[in-house]
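Have a look at the structure below, then the notes.
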Amino acid sequence: MGLDPYSLFVYPIIYIWPAYVANGAPVLFGGGKPLDFGKKIWGRPIFGSHKTIRGLAAGLLAGFIMAYAESFFVPYMLYVGILLSVGAMFGDLAGSFVKRRIGSREGAQIVLLDQYPFLIFALLFAFPLGNLPGVFGVIFLFALTGLLHILTNYSAYRMKLKKVPW
């Protein structure tokens, strides 16, 4: 892939879309029983009450549906999208796990741990199947993810879908 607009901007968005959808779906469809069932490690919640079974299921299902839809246009995206979705959800949980270990309260903002674990893990999970955007496409995704994190979280806060704007 070269430095043309498709390779730099369009393909990276098409590629990462299942992970973005998986990561955002729990805000809309989550809630219910905590994924960690209220269990603790070293006196702290494993993930916290905001990471729920329904949220995880919604994220995976939404990401899988997006992967399936994209596969009609880009056939290899079915398997890539599934791995991106699983990676995104695993990364989000890993970020919450780390935040709880360092004593951060649920809903507290920690720059970088709030924005990027889902993206990093999504890319790592899908890496074995290839077809990743080029280096500049990945750099674009990191910049886009930072911007979208601010915009989508503030919008969700304004719509009363989240208790905090980050």
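FYI, nothing fancy with the structure tokens labels: chains A, B, ... in order, residues from 1 per chain, ligands from 1 as they appear.
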
TODO: Identify all residues of range 16-127 of chain A in strand (DSSP E or B) (DSSP on the backbone) and supply them as number ranges by chain.
DONE: A: 34, 40-41, 44-45, 52

Requested write-out: C-alpha atoms of the selected residues, as a tab-separated table (two decimals), in the first residue's frame:
chain	number	residue	atom	x	y	z
A	34	PRO	CA	-20.85	-7.44	36.07
A	40	LYS	CA	-11.87	-8.95	43.68
A	41	ILE	CA	-8.12	-9.43	43.36
A	44	ARG	CA	-9.91	-4.44	44.19
A	45	PRO	CA	-12.52	-5.35	41.56
A	52	THR	CA	-20.90	-6.37	32.09

Task: Shell around Tyr79 in chain A at 9 Å using only C-alpha atoms, local window under 3 positions removed, as a list in words - done: Ala67, Tyr68, Ser71, Pro75, Tyr76, Ile82, Leu83, Leu84, Ala126 and Leu129 of chain A

- [ ] Determine the nearest neighbour of Val86 in chain A from the options A:Trp42, A:Phe121, A:Tyr157, A:Phe73, counting only C-alpha atoms.
- [x]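 Nearest to Val86 in chain A: A:Phe121.
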
Could you tell me, as a PDB file with C-alpha atoms, in the first residue's frame, which residues of chain A DSSP assigns to alpha helix (DSSP H) when given the backbone?
ATOM      1  CA  PRO A   5      -5.612   8.778   0.186  1.00  0.00           C
ATOM      2  CA  TYR A  11      -8.697   1.509   4.022  1.00  0.00           C
ATOM      3  CA  PRO A  12      -7.636   1.993   7.656  1.00  0.00           C
ATOM      4  CA  ILE A  13     -11.185   3.069   8.564  1.00  0.00           C
ATOM      5  CA  ILE A  14     -12.737   0.142   6.683  1.00  0.00           C
ATOM      6  CA  TYR A  15     -10.251  -2.189   8.323  1.00  0.00           C
ATOM      7  CA  ILE A  16     -10.747  -1.039  11.931  1.00  0.00           C
ATOM      8  CA  TRP A  17     -14.511  -0.483  11.750  1.00  0.00           C
ATOM      9  CA  PRO A  18     -15.501  -3.830  13.368  1.00  0.00           C
ATOM     10  CA  ALA A  19     -13.283  -2.983  16.371  1.00  0.00           C
ATOM     11  CA  TYR A  20     -14.768   0.517  16.648  1.00  0.00           C
ATOM     12  CA  VAL A  21     -18.291  -0.919  16.531  1.00  0.00           C
ATOM     13  CA  ALA A  22     -17.430  -3.616  19.074  1.00  0.00           C
ATOM     14  CA  ASN A  23     -15.889  -1.044  21.399  1.00  0.00           C
ATOM     15  CA  GLY A  24     -18.861   1.322  21.210  1.00  0.00           C
ATOM     16  CA  ALA A  25     -21.729  -1.154  21.429  1.00  0.00           C
ATOM     17  CA  PRO A  26     -21.486  -1.777  25.214  1.00  0.00           C
ATOM     18  CA  VAL A  27     -22.255   1.900  25.867  1.00  0.00           C
ATOM     19  CA  LEU A  28     -25.554   1.488  24.010  1.00  0.00           C
ATOM     20  CA  PHE A  29     -26.478  -2.078  24.925  1.00  0.00           C
ATOM     21  CA  ILE A  53     -21.787  -9.691  30.528  1.00  0.00           C
ATOM     22  CA  ARG A  54     -24.381  -7.998  28.330  1.00  0.00           C
ATOM     23  CA  GLY A  55     -21.885  -5.307  27.303  1.00  0.00           C
ATOM     24  CA  LEU A  56     -19.298  -7.900  26.297  1.00  0.00           C
ATOM     25  CA  ALA A  57     -21.880  -9.919  24.375  1.00  0.00           C
ATOM     26  CA  ALA A  58     -23.227  -6.780  22.675  1.00  0.00           C
ATOM     27  CA  GLY A  59     -19.742  -5.672  21.694  1.00  0.00           C
ATOM     28  CA  LEU A  60     -18.809  -9.027  20.235  1.00  0.00           C
ATOM     29  CA  LEU A  61     -22.113  -9.439  18.411  1.00  0.00           C
ATOM     30  CA  ALA A  62     -22.015  -5.915  16.957  1.00  0.00           C
ATOM     31  CA  GLY A  63     -18.405  -6.370  15.830  1.00  0.00           C
ATOM     32  CA  PHE A  64     -19.183  -9.757  14.272  1.00  0.00           C
ATOM     33  CA  ILE A  65     -22.177  -8.305  12.417  1.00  0.00           C
ATOM     34  CA  MET A  66     -19.999  -5.497  11.085  1.00  0.00           C
ATOM     35  CA  ALA A  67     -17.340  -8.007  10.017  1.00  0.00           C
ATOM     36  CA  TYR A  68     -19.993 -10.042   8.224  1.00  0.00           C
ATOM     37  CA  ALA A  69     -21.366  -6.946   6.469  1.00  0.00           C
ATOM     38  CA  GLU A  70     -17.896  -5.851   5.372  1.00  0.00           C
ATOM     39  CA  SER A  71     -17.111  -9.337   4.068  1.00  0.00           C
ATOM     40  CA  MET A  77     -12.733  -8.995   6.530  1.00  0.00           C
ATOM     41  CA  LEU A  78     -15.019 -11.679   7.974  1.00  0.00           C
ATOM     42  CA  TYR A  79     -12.158 -13.388   9.805  1.00  0.00           C
ATOM     43  CA  VAL A  80     -10.097 -10.233  10.284  1.00  0.00           C
ATOM     44  CA  GLY A  81     -13.164  -8.418  11.658  1.00  0.00           C
ATOM     45  CA  ILE A  82     -13.939 -11.209  14.091  1.00  0.00           C
ATOM     46  CA  LEU A  83     -10.386 -11.074  15.447  1.00  0.00           C
ATOM     47  CA  LEU A  84     -10.488  -7.261  15.550  1.00  0.00           C
ATOM     48  CA  SER A  85     -13.721  -7.419  17.571  1.00  0.00           C
ATOM     49  CA  VAL A  86     -12.397  -9.999  20.028  1.00  0.00           C
ATOM     50  CA  GLY A  87      -9.168  -8.045  20.362  1.00  0.00           C
ATOM     51  CA  ALA A  88     -11.035  -4.790  20.941  1.00  0.00           C
ATOM     52  CA  MET A  89     -13.108  -6.277  23.748  1.00  0.00           C
ATOM     53  CA  PHE A  90     -10.065  -7.993  25.280  1.00  0.00           C
ATOM     54  CA  GLY A  91      -8.117  -4.730  25.113  1.00  0.00           C
ATOM     55  CA  ASP A  92     -10.909  -2.779  26.760  1.00  0.00           C
ATOM     56  CA  LEU A  93     -11.051  -5.317  29.569  1.00  0.00           C
ATOM     57  CA  ALA A  94      -7.247  -5.275  29.885  1.00  0.00           C
ATOM     58  CA  GLY A  95      -7.352  -1.482  30.240  1.00  0.00           C
ATOM     59  CA  SER A  96      -9.971  -1.743  32.987  1.00  0.00           C
ATOM     60  CA  PHE A  97      -8.001  -4.489  34.704  1.00  0.00           C
ATOM     61  CA  VAL A  98      -4.868  -2.308  34.785  1.00  0.00           C
ATOM     62  CA  LYS A  99      -6.852   0.716  35.970  1.00  0.00           C
ATOM     63  CA  ARG A 100      -8.277  -1.308  38.872  1.00  0.00           C
ATOM     64  CA  ARG A 101      -4.808  -2.653  39.781  1.00  0.00           C
ATOM     65  CA  PRO A 117      -5.861  -0.637  24.680  1.00  0.00           C
ATOM     66  CA  PHE A 118      -8.856  -1.682  22.546  1.00  0.00           C
ATOM     67  CA  LEU A 119      -7.098  -0.472  19.393  1.00  0.00           C
ATOM     68  CA  ILE A 120      -3.730  -2.016  20.253  1.00  0.00           C
ATOM     69  CA  PHE A 121      -5.222  -5.400  21.123  1.00  0.00           C
ATOM     70  CA  ALA A 122      -7.504  -5.359  18.070  1.00  0.00           C
ATOM     71  CA  LEU A 123      -4.520  -4.806  15.785  1.00  0.00           C
ATOM     72  CA  LEU A 124      -2.459  -7.449  17.606  1.00  0.00           C
ATOM     73  CA  PHE A 125      -5.237 -10.049  17.430  1.00  0.00           C
ATOM     74  CA  ALA A 126      -5.786  -9.466  13.689  1.00  0.00           C
ATOM     75  CA  VAL A 135       2.517   2.218   8.957  1.00  0.00           C
ATOM     76  CA  PHE A 136       1.022   5.598   8.037  1.00  0.00           C
ATOM     77  CA  GLY A 137      -2.477   4.086   8.061  1.00  0.00           C
ATOM     78  CA  VAL A 138      -1.900   2.768  11.583  1.00  0.00           C
ATOM     79  CA  ILE A 139      -0.569   6.165  12.681  1.00  0.00           C
ATOM     80  CA  PHE A 140      -3.722   7.710  11.224  1.00  0.00           C
ATOM     81  CA  LEU A 141      -5.827   5.218  13.224  1.00  0.00           C
ATOM     82  CA  PHE A 142      -4.129   6.219  16.462  1.00  0.00           C
ATOM     83  CA  ALA A 143      -4.799   9.896  15.749  1.00  0.00           C
ATOM     84  CA  LEU A 144      -8.376   9.187  14.667  1.00  0.00           C
ATOM     85  CA  THR A 145      -9.031   7.018  17.715  1.00  0.00           C
ATOM     86  CA  GLY A 146      -7.840   9.779  20.054  1.00  0.00           C
ATOM     87  CA  LEU A 147     -10.122  12.305  18.360  1.00  0.00           C
ATOM     88  CA  LEU A 148     -13.111   9.944  18.167  1.00  0.00           C
ATOM     89  CA  HIS A 149     -12.649   9.007  21.818  1.00  0.00           C
ATOM     90  CA  ILE A 150     -13.143  12.627  22.830  1.00  0.00           C
ATOM     91  CA  LEU A 151     -16.079  13.225  20.477  1.00  0.00           C
ATOM     92  CA  THR A 152     -18.003  10.001  21.063  1.00  0.00           C
ATOM     93  CA  ASN A 153     -17.583   9.985  24.829  1.00  0.00           C
ATOM     94  CA  TYR A 154     -18.661  13.606  25.166  1.00  0.00           C
ATOM     95  CA  SER A 155     -21.670  12.885  22.909  1.00  0.00           C
ATOM     96  CA  ALA A 156     -22.594   9.814  24.968  1.00  0.00           C
ATOM     97  CA  TYR A 157     -22.309  11.904  28.127  1.00  0.00           C
ATOM     98  CA  ARG A 158     -24.573  14.618  26.661  1.00  0.00           C
TER      99      ARG A 158
END

Open item on the list: Would you compute the distance between CA of Gly43 in chain A and CA of Pro165 in chain A? Give it in Å to one decimal.
Closed with: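 Straight-line distance from CA of Gly43 in chain A to CA of Pro165 in chain A works out to 27.5 Å.
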